[in-house]
Amino acid sequence: MKKGRFGQYGGQYIPETLMNAVQEVEKAYDYYKNDAQFNMELEDLYKNYAGRPSRLYYANKMTADLGGAKIYLKREDLNHTGSHKINNVLGQVLLAKKMGKTRVIAETGAGQHGVATATAAALMGLTCEVFMGKEDTDRQALNVFRMELLGAKVHPVTSGTMTLKDAVNETMREWTKRVDDTLYVLGSVMGPHPFPTIVRDFQKIISKEIKEQILEAEGRLPDAIIACVGGGSNAMGAFYEFIEDPSVRLIGCEAAGLGINTPKNAATIANGSEGIFHGMKSIFCQDEYGQIAPVYSISAGLDYPGIGPEHAMLYETGRASYVPVTDEEAVKAFEYLSRTEGIIPAIESAHAIAYATKLAPTLKKDAIIVINVSGRGDKDVAAIARYRGVNIYE
């Protein structure tokens with residue numbers, strides 16, 4: 001495999017003004033990923049700040065109710081800041097500090113990556129600015145306030161569809177203006193090389209822990225790992241240590257919105273094709289002229305028109321499968337897990353739970369499914385209430 005490539009996907013498709021900055025990040029990461037002091041500091045942050053290892057919880061009531069495979073939940077929602085995003089951000093902000101940067105910038109959709117970046121920047125004493133689509137600042141107002149409380153400046157982005165795609169555009173534009181003192185802390189396994197690899201490496205702790213925990217609990221590997229997919233960072237983190245274990249099915253759940261046969265969805269694998277966007281070659285939702293198509297999901301975190309290049313390779317090689325889940329199915333799963341196990345998941349994670357409720361009853365009782373609960377649902381409660389016609393606001 002060529003450097004920075006996952007099969008035919010990945011690469012560096014960026015303006016010349018960013019090439020030096022990206023190469024600086026690559027050089028620094030290649031050094032620090034093997035640096036004992038860096039890894040010791042990161043491990044300490046994971047354990048004593050983020051609260052790792054996260055729990056692997058046996059969902060007894062859900063298992064009994066569905067009547068099939070045993071279901072375990074990987075509780076990334078229990079991490080500090082409430083999602084898996086903190087794993088990657090602690091690594092990247094620590095890297096920024098080692099590189100002598102004094103400022104970090106980030107894009108965010110649902111706000112979880114922005115909150116995590118603002119948190120890590122506050123902890124390590126760096127200035128933080130976050131770019132977020134105006135549409136998302138409205139539907140995730142609580143997370144905007146959390147970022148500001150943590151000392152970050154939030155920039156509402158009013159171009160395009162005013163969602164995650166446009167926030168990424170604006171953050172890349174901002175980085176070209178100030179590469180000397182600033183690191184772009186990318187939130188998913190996407191963008192130009194080396195970001196898909198860096199984010200994957202900081203998130204693979206999820207699958208490392210799942211493997212250790214399920215072997216201790218069951219004495220064998222699971223039959224399936226299920227995770228939601230937008231850009232795909234939580235899914236790549238949950239999949240990575242199992243890629244070389246062919247007995248383990250890897251299943252990504254993408255946002256079908258109002259349905260994959262309508263214009264209102266973000267189901268990249270179901271409807272997308274090869275293309276180049278945001279510095280990488282991957283699979284994207286595109287119109288008949290090859291332009292990036294507007295996408296939609298009830299979940300701001302999955303409302304993105306592409307998928308990370310390593311996921312594109314896993315799909316092309318058949319190692320992972322990707323299934324669409326609609327808004328309505330995700331909302332029902334959001335309510336189901338809340339009432340069945342007393343766990344309110346992020347609406348992103350609810351897409352994975354929805355598919356698990358379909359798959360589990362088809363499997364034998366000794367089969368094992370692990371669902372990655374990538375975040376907690378506090379941020380989504382008001383939006384789900386409004387979806388159900390209950391008029392409450394944060």
# chains A, B, ... in the order shown; residues from 1 in each chain; ligands from 1
>>> closest_atom_pairs(of="range 253-355 of chain A", to="range 139-143 of chain A", cutoff="10 Å", atoms="only C-alpha atoms", output="JSON lines")
{"residue": "A:Ile298", "atom": "CA", "partner": "A:Arg139", "partner_atom": "CA", "distance": 9.8}
{"residue": "A:Ser299", "atom": "CA", "partner": "A:Arg139", "partner_atom": "CA", "distance": 9.7}
{"residue": "A:Ala300", "atom": "CA", "partner": "A:Arg139", "partner_atom": "CA", "distance": 8.2}
>>> closest_atom_pairs(of="range 178-208 of chain A", to="range 58-75 of chain A", cutoff="12 Å", atoms="only C-alpha atoms", output="Markdown table")
| residue | atom | partner | partner_atom | distance |
| --- | --- | --- | --- | --- |
| A:Ile205 | CA | A:Lys74 | CA | 11.7 |
| A:Ile206 | CA | A:Lys74 | CA | 8.1 |
| A:Ser207 | CA | A:Lys74 | CA | 9.3 |
| A:Lys208 | CA | A:Lys74 | CA | 11.5 |
>>> residues_around(residues="range 101-105 of chain A", least_positions_apart="5", cutoff="10 Å", atoms="only C-alpha atoms", output="ChimeraX atom specification")
/A:92-96,114,117-118,120-121,124-131,152-154,171-172,174-175,178-186
>>> write_last_selection(atoms="N, CA and C atoms", output="tab-separated table (two decimals), in the first residue's frame")
chain	number	residue	atom	x	y	z
A	92	GLN	N	-4.41	14.77	19.35
A	92	GLN	CA	-4.04	15.84	18.41
A	92	GLN	C	-3.66	17.14	19.12
A	93	VAL	N	-4.33	17.49	20.20
A	93	VAL	CA	-3.98	18.73	20.90
A	93	VAL	C	-2.63	18.57	21.62
A	94	LEU	N	-2.38	17.37	22.15
A	94	LEU	CA	-1.06	17.11	22.73
A	94	LEU	C	0.02	17.22	21.65
A	95	LEU	N	-0.29	16.70	20.45
A	95	LEU	CA	0.65	16.81	19.32
A	95	LEU	C	0.88	18.28	18.96
A	96	ALA	N	-0.19	19.08	18.94
A	96	ALA	CA	-0.07	20.51	18.64
A	96	ALA	C	0.86	21.20	19.63
A	114	GLY	N	-16.29	19.62	18.63
A	114	GLY	CA	-15.97	20.98	19.04
A	114	GLY	C	-15.83	21.09	20.55
A	117	THR	N	-12.57	19.40	21.54
A	117	THR	CA	-11.41	20.22	21.20
A	117	THR	C	-11.28	21.40	22.15
A	118	ALA	N	-12.39	22.06	22.45
A	118	ALA	CA	-12.37	23.19	23.39
A	118	ALA	C	-11.90	22.72	24.77
A	120	ALA	N	-9.90	20.05	25.50
A	120	ALA	CA	-8.47	19.73	25.50
A	120	ALA	C	-7.63	21.00	25.40
A	121	ALA	N	-8.12	21.98	24.63
A	121	ALA	CA	-7.38	23.25	24.50
A	121	ALA	C	-7.35	23.98	25.84
A	124	MET	N	-4.83	22.22	28.08
A	124	MET	CA	-3.41	22.35	27.72
A	124	MET	C	-2.99	23.80	27.43
A	125	GLY	N	-3.93	24.75	27.63
A	125	GLY	CA	-3.57	26.16	27.54
A	125	GLY	C	-3.40	26.69	26.13
A	126	LEU	N	-4.16	26.16	25.17
A	126	LEU	CA	-4.10	26.64	23.79
A	126	LEU	C	-5.36	27.42	23.44
A	127	THR	N	-5.23	28.41	22.58
A	127	THR	CA	-6.39	29.13	22.05
A	127	THR	C	-7.17	28.21	21.12
A	128	CYS	N	-8.51	28.29	21.17
A	128	CYS	CA	-9.33	27.38	20.36
A	128	CYS	C	-10.43	28.15	19.64
A	129	GLU	N	-10.57	27.89	18.34
A	129	GLU	CA	-11.69	28.44	17.56
A	129	GLU	C	-12.35	27.30	16.80
A	130	VAL	N	-13.68	27.29	16.81
A	130	VAL	CA	-14.44	26.18	16.21
A	130	VAL	C	-15.38	26.72	15.15
A	131	PHE	N	-15.42	26.05	14.01
A	131	PHE	CA	-16.30	26.43	12.90
A	131	PHE	C	-17.44	25.41	12.82
A	152	ALA	N	-13.70	28.67	24.06
A	152	ALA	CA	-13.52	28.66	22.61
A	152	ALA	C	-14.38	29.73	21.94
A	153	LYS	N	-13.93	30.19	20.77
A	153	LYS	CA	-14.73	31.08	19.95
A	153	LYS	C	-15.41	30.25	18.88
A	154	VAL	N	-16.72	30.35	18.78
A	154	VAL	CA	-17.47	29.56	17.81
A	154	VAL	C	-17.89	30.45	16.64
A	171	THR	N	-12.93	25.75	7.88
A	171	THR	CA	-11.78	25.48	8.75
A	171	THR	C	-10.52	25.31	7.92
A	172	MET	N	-10.62	24.63	6.78
A	172	MET	CA	-9.45	24.50	5.89
A	172	MET	C	-9.02	25.87	5.38
A	174	GLU	N	-9.44	28.73	6.88
A	174	GLU	CA	-8.82	29.44	8.00
A	174	GLU	C	-7.39	28.95	8.22
A	175	TRP	N	-7.18	27.62	8.06
A	175	TRP	CA	-5.83	27.07	8.29
A	175	TRP	C	-4.81	27.64	7.31
A	178	ARG	N	-3.28	30.85	8.67
A	178	ARG	CA	-2.39	30.85	9.85
A	178	ARG	C	-1.85	29.45	10.11
A	179	VAL	N	-0.89	29.04	9.30
A	179	VAL	CA	-0.31	27.71	9.51
A	179	VAL	C	0.83	27.75	10.53
A	180	ASP	N	1.43	28.93	10.75
A	180	ASP	CA	2.61	28.99	11.61
A	180	ASP	C	2.30	28.64	13.06
A	181	ASP	N	1.20	29.17	13.60
A	181	ASP	CA	0.93	28.95	15.02
A	181	ASP	C	-0.28	28.07	15.26
A	182	THR	N	-0.87	27.51	14.18
A	182	THR	CA	-2.17	26.84	14.31
A	182	THR	C	-2.13	25.41	13.78
A	183	LEU	N	-2.79	24.49	14.49
A	183	LEU	CA	-3.01	23.13	13.98
A	183	LEU	C	-4.50	22.92	13.80
A	184	TYR	N	-4.86	22.38	12.65
A	184	TYR	CA	-6.25	21.98	12.40
A	184	TYR	C	-6.46	20.62	13.04
A	185	VAL	N	-7.29	20.58	14.09
A	185	VAL	CA	-7.59	19.31	14.77
A	185	VAL	C	-8.80	18.70	14.07
A	186	LEU	N	-8.53	17.81	13.12
A	186	LEU	CA	-9.60	17.22	12.31
A	186	LEU	C	-10.37	16.19	13.13
>>> closest_residue(among="A:Ile210, A:Leu363, A:Pro156, A:Ile392", to="Arg55 in chain A", atoms="only C-alpha atoms")
A:Ile210
>>> select_by_dssp(residues="range 23-140 of chain A", states="alpha helix (DSSP H)", output="NGL selection string")
:A and (23-32 or 36-45 or 60-66 or 85-98 or 112-124 or 134-139)
>>> atom_distance(atom1="CA of Pro53 in chain A", atom2="CA of Glu209 in chain A")
6.9 Å
>>> atom_distance(atom1="CA of Asn271 in chain A", atom2="CA of Glu316 in chain A")
14.2 Å
>>> closest_residue(among="A:Gly133, A:Gly318, A:Gly342, A:Gly11", to="Asp303 in chain A", atoms="only C-alpha atoms")
A:Gly133
>>> closest_residue(among="A:Val323, A:Met19, A:Ala350, A:Met236", to="Ile198 in chain A", atoms="only C-alpha atoms")
A:Met236
